[in-house]
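Enquirer: Below are the structure tokens for one structure; questions will follow.
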Amino acid sequence: MPSRFLSSDIAPFLRLALAEGWICGKWEMEFLLQAFPQGCFVKRTGNKTLGYISTLRHDKSGWIGNLLVSSEARRGGIGSELMQAALQALLEAGVETVWLTASAKGVELYRKLGFIPIDSINRWVGEGRGGSGWSPSPPCDWEVIRLVDKAGWGDHRDALLDVAISRGQVMCGNYSFVCIQHWQQGTQLGPWGAIIEGQAASLLDPALAASARHVFLDVPSGNLAAAALLTRKGFSIKGSNTLMYLGARPKYAPQKVFALASMGSMG
Ligand SMILES: CC(C)(COP(=O)(O)OP(=O)(O)OC[C@H]1O[C@@H](n2cnc3c(N)ncnc32)[C@H](O)[C@@H]1OP(=O)(O)O)[C@@H](O)C(=O)NCCC(=O)NCCS
């Protein structure tokens, strides 16, 4: 049986995750353990911790992330066991749809559990202007941000938006917003949402002006306008994951999602 993910598990998890090449941080795990502790698990055998998983409950949907099993313990059923525990926690909390992004190693495991592919998520990388410019944007209206995000994902995701926006800088336009989040590895753009394409485009230049030299963002391949916009700025795709869901088909509108809020871990 998996055990609860404790704050003392964060440091060993991060060591494993960074070795896997993931972009993740202590603040994110602390947030997840505080927001939905009953959905975060580890697998312990004797005094060894061999696997990790986190979940976040939005409103009618939930997100599973950070599934990671030590390389020496793989193909022994630990990943499946952690997934069952995470799914049960989300279902008990009443969610109707469960989301995740799957790496090539994870896709088969999720397919076996009934997850259905709905899109691909591409990691785009490019250059910012080194944080040398910052142009003030119109003041942001929290209700508009909530509305635009819900138009893309079909659900209210208040806790996720709140944590992303409070650690980053947010710029808003007409029914559009982008959050600029700084990491050790560079700057992440996201969440980035807009009701129509032109409204998203006008946020990109000011966002890049406020970004470090290395910029990355996770973008649904269903958003063709985002791809065109990023290509024009010299960005390119450096990897891809599969966006999958289980349960009720979500009201997902990728043309309104220009970038995810997290680097795959919570939505
Ligand atoms: C993906 C991962 C979590 C799987 O954990 P695990 O404990 O090995 O998974 P399980 O033993 O429960 O595997 C269940 C099934 O999933 C599939 N599967 C697991 N790993 C796979 C792989 N590398 N390639 C193809 N299928 C795989 C198989 O169908 C497997 O059943 P089988 O062993 O009977 O053939 C683990 O490989 C890992 O930590 N990888 C690196 C991080 C990562 O990619 N995490 C997923 C993020 S989405």
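The chains in the structure tokens are called A, B, ... from first to last as shown; in each chain the residues are counted from 1, and the ligands are counted from 1 in the order shown.
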Residues up to 9 Å from ligand 1, counting only C-alpha atoms and all ligand atoms: could you list those as an NGL selection string?
Expert: :A and (17 or 20 or 22 or 50-53 or 64-71 or 73-83 or 100-112 or 241-242 or 264-265)
Enquirer: Excluding A:Gly239 and residues on its chain fewer than 4 positions from it, collect all residues at most 8 Å away from it, counting only C-alpha atoms, and give them as a PyMOL selection string.
Expert: chain A and resi 122-124
Enquirer: For A:Asp155, please output as a list of chain:residue names all residues within 12 Å (counting only C-alpha atoms; exclusion window: fewer than 6 positions along the same chain).
Expert: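 Surrounding residues, per the criterion: A:Arg57, A:His58, A:Asp59, A:Lys60, A:Ser61, A:Gly62, A:Trp63, A:Val95, A:Glu96, A:Thr97, A:Val98, A:Trp99, A:Arg146, A:Leu147, A:Val148, A:Asp149, A:Leu161, A:Arg249, A:Pro250, A:Lys251, A:Tyr252, A:Ala253, A:Gly267.
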Enquirer: Take the residues from that selection and write them out as a PDB file, in the first residue's frame, keeping N, CA and C atoms.
Expert:
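Listing of part.pdb after writing:
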```pdb
ATOM      1  N   ARG A  57      -6.594  18.574  -6.959  1.00  0.00           N
ATOM      2  CA  ARG A  57      -8.010  18.647  -7.305  1.00  0.00           C
ATOM      3  C   ARG A  57      -8.329  20.063  -7.735  1.00  0.00           C
ATOM      4  N   HIS A  58      -8.892  20.229  -8.928  1.00  0.00           N
ATOM      5  CA  HIS A  58      -9.368  21.552  -9.336  1.00  0.00           C
ATOM      6  C   HIS A  58     -10.811  21.671  -8.822  1.00  0.00           C
ATOM      7  N   ASP A  59     -11.798  21.787  -9.706  1.00  0.00           N
ATOM      8  CA  ASP A  59     -13.170  21.829  -9.211  1.00  0.00           C
ATOM      9  C   ASP A  59     -13.848  20.507  -9.592  1.00  0.00           C
ATOM     10  N   LYS A  60     -14.236  20.390 -10.866  1.00  0.00           N
ATOM     11  CA  LYS A  60     -14.827  19.119 -11.303  1.00  0.00           C
ATOM     12  C   LYS A  60     -13.769  18.183 -11.882  1.00  0.00           C
ATOM     13  N   SER A  61     -12.542  18.678 -12.008  1.00  0.00           N
ATOM     14  CA  SER A  61     -11.472  17.847 -12.573  1.00  0.00           C
ATOM     15  C   SER A  61     -10.289  17.796 -11.613  1.00  0.00           C
ATOM     16  N   GLY A  62      -9.388  16.856 -11.908  1.00  0.00           N
ATOM     17  CA  GLY A  62      -8.164  16.752 -11.106  1.00  0.00           C
ATOM     18  C   GLY A  62      -7.006  16.453 -12.035  1.00  0.00           C
ATOM     19  N   TRP A  63      -5.788  16.613 -11.530  1.00  0.00           N
ATOM     20  CA  TRP A  63      -4.599  16.421 -12.362  1.00  0.00           C
ATOM     21  C   TRP A  63      -3.614  15.529 -11.610  1.00  0.00           C
ATOM     22  N   VAL A  95     -14.189  14.228  -8.295  1.00  0.00           N
ATOM     23  CA  VAL A  95     -13.890  14.787  -9.615  1.00  0.00           C
ATOM     24  C   VAL A  95     -14.502  13.904 -10.704  1.00  0.00           C
ATOM     25  N   GLU A  96     -14.841  14.532 -11.840  1.00  0.00           N
ATOM     26  CA  GLU A  96     -15.470  13.797 -12.941  1.00  0.00           C
ATOM     27  C   GLU A  96     -14.471  13.463 -14.051  1.00  0.00           C
ATOM     28  N   THR A  97     -13.409  14.276 -14.126  1.00  0.00           N
ATOM     29  CA  THR A  97     -12.402  14.073 -15.175  1.00  0.00           C
ATOM     30  C   THR A  97     -11.015  14.135 -14.538  1.00  0.00           C
ATOM     31  N   VAL A  98     -10.153  13.209 -14.916  1.00  0.00           N
ATOM     32  CA  VAL A  98      -8.770  13.233 -14.417  1.00  0.00           C
ATOM     33  C   VAL A  98      -7.841  13.448 -15.613  1.00  0.00           C
ATOM     34  N   TRP A  99      -6.957  14.411 -15.480  1.00  0.00           N
ATOM     35  CA  TRP A  99      -6.017  14.773 -16.546  1.00  0.00           C
ATOM     36  C   TRP A  99      -4.603  14.337 -16.185  1.00  0.00           C
ATOM     37  N   ARG A 146      -9.821  33.887 -14.447  1.00  0.00           N
ATOM     38  CA  ARG A 146     -10.558  32.641 -14.145  1.00  0.00           C
ATOM     39  C   ARG A 146     -11.409  32.210 -15.334  1.00  0.00           C
ATOM     40  N   LEU A 147     -12.063  33.219 -15.924  1.00  0.00           N
ATOM     41  CA  LEU A 147     -12.985  32.949 -17.028  1.00  0.00           C
ATOM     42  C   LEU A 147     -12.245  32.454 -18.273  1.00  0.00           C
ATOM     43  N   VAL A 148     -11.136  33.123 -18.582  1.00  0.00           N
ATOM     44  CA  VAL A 148     -10.355  32.745 -19.770  1.00  0.00           C
ATOM     45  C   VAL A 148      -9.771  31.339 -19.568  1.00  0.00           C
ATOM     46  N   ASP A 149      -9.262  31.070 -18.369  1.00  0.00           N
ATOM     47  CA  ASP A 149      -8.683  29.750 -18.095  1.00  0.00           C
ATOM     48  C   ASP A 149      -9.765  28.674 -18.195  1.00  0.00           C
ATOM     49  N   LEU A 161      -4.177  28.596 -10.454  1.00  0.00           N
ATOM     50  CA  LEU A 161      -3.945  29.948 -10.977  1.00  0.00           C
ATOM     51  C   LEU A 161      -3.348  30.834  -9.886  1.00  0.00           C
ATOM     52  N   ARG A 249     -15.760  13.322 -20.648  1.00  0.00           N
ATOM     53  CA  ARG A 249     -14.999  14.052 -21.670  1.00  0.00           C
ATOM     54  C   ARG A 249     -14.997  15.529 -21.315  1.00  0.00           C
ATOM     55  N   PRO A 250     -13.812  16.140 -21.186  1.00  0.00           N
ATOM     56  CA  PRO A 250     -13.748  17.542 -20.753  1.00  0.00           C
ATOM     57  C   PRO A 250     -14.125  18.521 -21.848  1.00  0.00           C
ATOM     58  N   LYS A 251     -14.582  19.703 -21.434  1.00  0.00           N
ATOM     59  CA  LYS A 251     -14.854  20.768 -22.416  1.00  0.00           C
ATOM     60  C   LYS A 251     -13.542  21.504 -22.648  1.00  0.00           C
ATOM     61  N   TYR A 252     -12.659  20.838 -23.372  1.00  0.00           N
ATOM     62  CA  TYR A 252     -11.293  21.326 -23.600  1.00  0.00           C
ATOM     63  C   TYR A 252     -11.261  22.094 -24.916  1.00  0.00           C
ATOM     64  N   ALA A 253     -10.734  23.296 -24.879  1.00  0.00           N
ATOM     65  CA  ALA A 253     -10.668  24.130 -26.092  1.00  0.00           C
ATOM     66  C   ALA A 253      -9.229  24.608 -26.260  1.00  0.00           C
ATOM     67  N   GLY A 267      -1.200  20.956 -14.313  1.00  0.00           N
ATOM     68  CA  GLY A 267      -2.238  21.498 -15.197  1.00  0.00           C
ATOM     69  C   GLY A 267      -1.751  22.633 -16.058  1.00  0.00           C
TER      70      GLY A 267
END
```
Enquirer: What separation in Å, quoted to one decimal, exists between atom CA of A:Phe235 and atom CA of A:Trp192?
Expert: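 About the pair atom CA of A:Phe235 and atom CA of A:Trp192: they are 16.0 Å apart.
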Enquirer: Which one is closest to A:Gly94: A:Thr231, A:Pro206, A:Gly247, A:Pro220? Count only C-alpha atoms.
Expert: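 Using only C-alpha atoms, A:Gly94 sits closest to A:Gly247.
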Enquirer: Please return as a PyMOL selection string: the residues of stretch 104-190 of chain A that backbone DSSP assigns to alpha helix (DSSP H).
Expert: chain A and resi 107-112+142-153+158-167
Enquirer: Based on the selection just made, write N, CA and C atoms of those residues as an mmCIF file, in the first residue's frame.
Expert:
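What ended up in out-v4.cif:
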```
data_model
loop_
_atom_site.group_PDB
_atom_site.id
_atom_site.type_symbol
_atom_site.label_atom_id
_atom_site.label_comp_id
_atom_site.auth_asym_id
_atom_site.auth_seq_id
_atom_site.Cartn_x
_atom_site.Cartn_y
_atom_site.Cartn_z
ATOM 1 N N VAL A 107 2.923 6.432 -21.220
ATOM 2 C CA VAL A 107 1.699 6.311 -22.024
ATOM 3 C C VAL A 107 1.011 4.948 -21.878
ATOM 4 N N GLU A 108 1.788 3.876 -21.956
ATOM 5 C CA GLU A 108 1.207 2.536 -21.961
ATOM 6 C C GLU A 108 0.529 2.231 -20.621
ATOM 7 N N LEU A 109 1.197 2.655 -19.560
ATOM 8 C CA LEU A 109 0.637 2.454 -18.213
ATOM 9 C C LEU A 109 -0.733 3.142 -18.108
ATOM 10 N N TYR A 110 -0.806 4.379 -18.596
ATOM 11 C CA TYR A 110 -2.062 5.142 -18.488
ATOM 12 C C TYR A 110 -3.134 4.565 -19.410
ATOM 13 N N ARG A 111 -2.729 4.139 -20.591
ATOM 14 C CA ARG A 111 -3.680 3.521 -21.518
ATOM 15 C C ARG A 111 -4.336 2.298 -20.878
ATOM 16 N N LYS A 112 -3.504 1.494 -20.178
ATOM 17 C CA LYS A 112 -4.027 0.279 -19.524
ATOM 18 C C LYS A 112 -5.067 0.633 -18.472
ATOM 19 N N TRP A 142 -8.932 39.416 -11.755
ATOM 20 C CA TRP A 142 -8.879 37.999 -11.384
ATOM 21 C C TRP A 142 -10.036 37.221 -12.002
ATOM 22 N N GLU A 143 -11.210 37.833 -12.048
ATOM 23 C CA GLU A 143 -12.379 37.133 -12.593
ATOM 24 C C GLU A 143 -12.201 36.845 -14.086
ATOM 25 N N VAL A 144 -11.543 37.784 -14.802
ATOM 26 C CA VAL A 144 -11.312 37.567 -16.234
ATOM 27 C C VAL A 144 -10.309 36.418 -16.415
ATOM 28 N N ILE A 145 -9.273 36.401 -15.594
ATOM 29 C CA ILE A 145 -8.278 35.310 -15.675
ATOM 30 C C ILE A 145 -8.974 33.956 -15.460
ATOM 31 N N ARG A 146 -9.821 33.887 -14.447
ATOM 32 C CA ARG A 146 -10.558 32.641 -14.145
ATOM 33 C C ARG A 146 -11.409 32.210 -15.334
ATOM 34 N N LEU A 147 -12.063 33.219 -15.924
ATOM 35 C CA LEU A 147 -12.985 32.949 -17.028
ATOM 36 C C LEU A 147 -12.245 32.454 -18.273
ATOM 37 N N VAL A 148 -11.136 33.123 -18.582
ATOM 38 C CA VAL A 148 -10.355 32.745 -19.770
ATOM 39 C C VAL A 148 -9.771 31.339 -19.568
ATOM 40 N N ASP A 149 -9.262 31.070 -18.369
ATOM 41 C CA ASP A 149 -8.683 29.750 -18.095
ATOM 42 C C ASP A 149 -9.765 28.674 -18.195
ATOM 43 N N LYS A 150 -10.945 28.969 -17.672
ATOM 44 C CA LYS A 150 -12.049 27.990 -17.719
ATOM 45 C C LYS A 150 -12.509 27.747 -19.166
ATOM 46 N N ALA A 151 -12.430 28.791 -19.986
ATOM 47 C CA ALA A 151 -12.833 28.625 -21.389
ATOM 48 C C ALA A 151 -11.918 27.604 -22.077
ATOM 49 N N GLY A 152 -10.657 27.507 -21.653
ATOM 50 C CA GLY A 152 -9.723 26.551 -22.253
ATOM 51 C C GLY A 152 -9.851 25.149 -21.669
ATOM 52 N N TRP A 153 -10.028 25.083 -20.337
ATOM 53 C CA TRP A 153 -9.944 23.776 -19.670
ATOM 54 C C TRP A 153 -11.292 23.218 -19.231
ATOM 55 N N ASP A 158 -8.863 27.470 -9.551
ATOM 56 C CA ASP A 158 -8.459 28.624 -8.742
ATOM 57 C C ASP A 158 -7.131 28.455 -8.010
ATOM 58 N N ALA A 159 -6.950 27.306 -7.345
ATOM 59 C CA ALA A 159 -5.735 27.141 -6.531
ATOM 60 C C ALA A 159 -4.491 27.159 -7.426
ATOM 61 N N LEU A 160 -4.606 26.512 -8.577
ATOM 62 C CA LEU A 160 -3.476 26.467 -9.516
ATOM 63 C C LEU A 160 -3.142 27.864 -10.047
ATOM 64 N N LEU A 161 -4.177 28.596 -10.454
ATOM 65 C CA LEU A 161 -3.945 29.948 -10.977
ATOM 66 C C LEU A 161 -3.348 30.834 -9.886
ATOM 67 N N ASP A 162 -3.883 30.679 -8.709
ATOM 68 C CA ASP A 162 -3.438 31.493 -7.588
ATOM 69 C C ASP A 162 -1.942 31.287 -7.293
ATOM 70 N N VAL A 163 -1.513 30.033 -7.257
ATOM 71 C CA VAL A 163 -0.106 29.769 -6.910
ATOM 72 C C VAL A 163 0.819 30.218 -8.047
ATOM 73 N N ALA A 164 0.391 30.009 -9.301
ATOM 74 C CA ALA A 164 1.248 30.409 -10.436
ATOM 75 C C ALA A 164 1.390 31.934 -10.457
ATOM 76 N N ILE A 165 0.276 32.596 -10.293
ATOM 77 C CA ILE A 165 0.277 34.056 -10.402
ATOM 78 C C ILE A 165 0.993 34.690 -9.214
ATOM 79 N N SER A 166 0.850 34.073 -8.039
ATOM 80 C CA SER A 166 1.482 34.705 -6.871
ATOM 81 C C SER A 166 2.998 34.533 -6.891
ATOM 82 N N ARG A 167 3.517 33.500 -7.592
ATOM 83 C CA ARG A 167 4.981 33.375 -7.633
ATOM 84 C C ARG A 167 5.565 34.039 -8.878
#
```
Enquirer: Which one is closest to A:Phe216: A:Gly168, A:Gly198, A:Gly126, A:Gly193? Count only C-alpha atoms.
Expert: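 Among the listed residues, A:Gly126 lies closest to A:Phe216.
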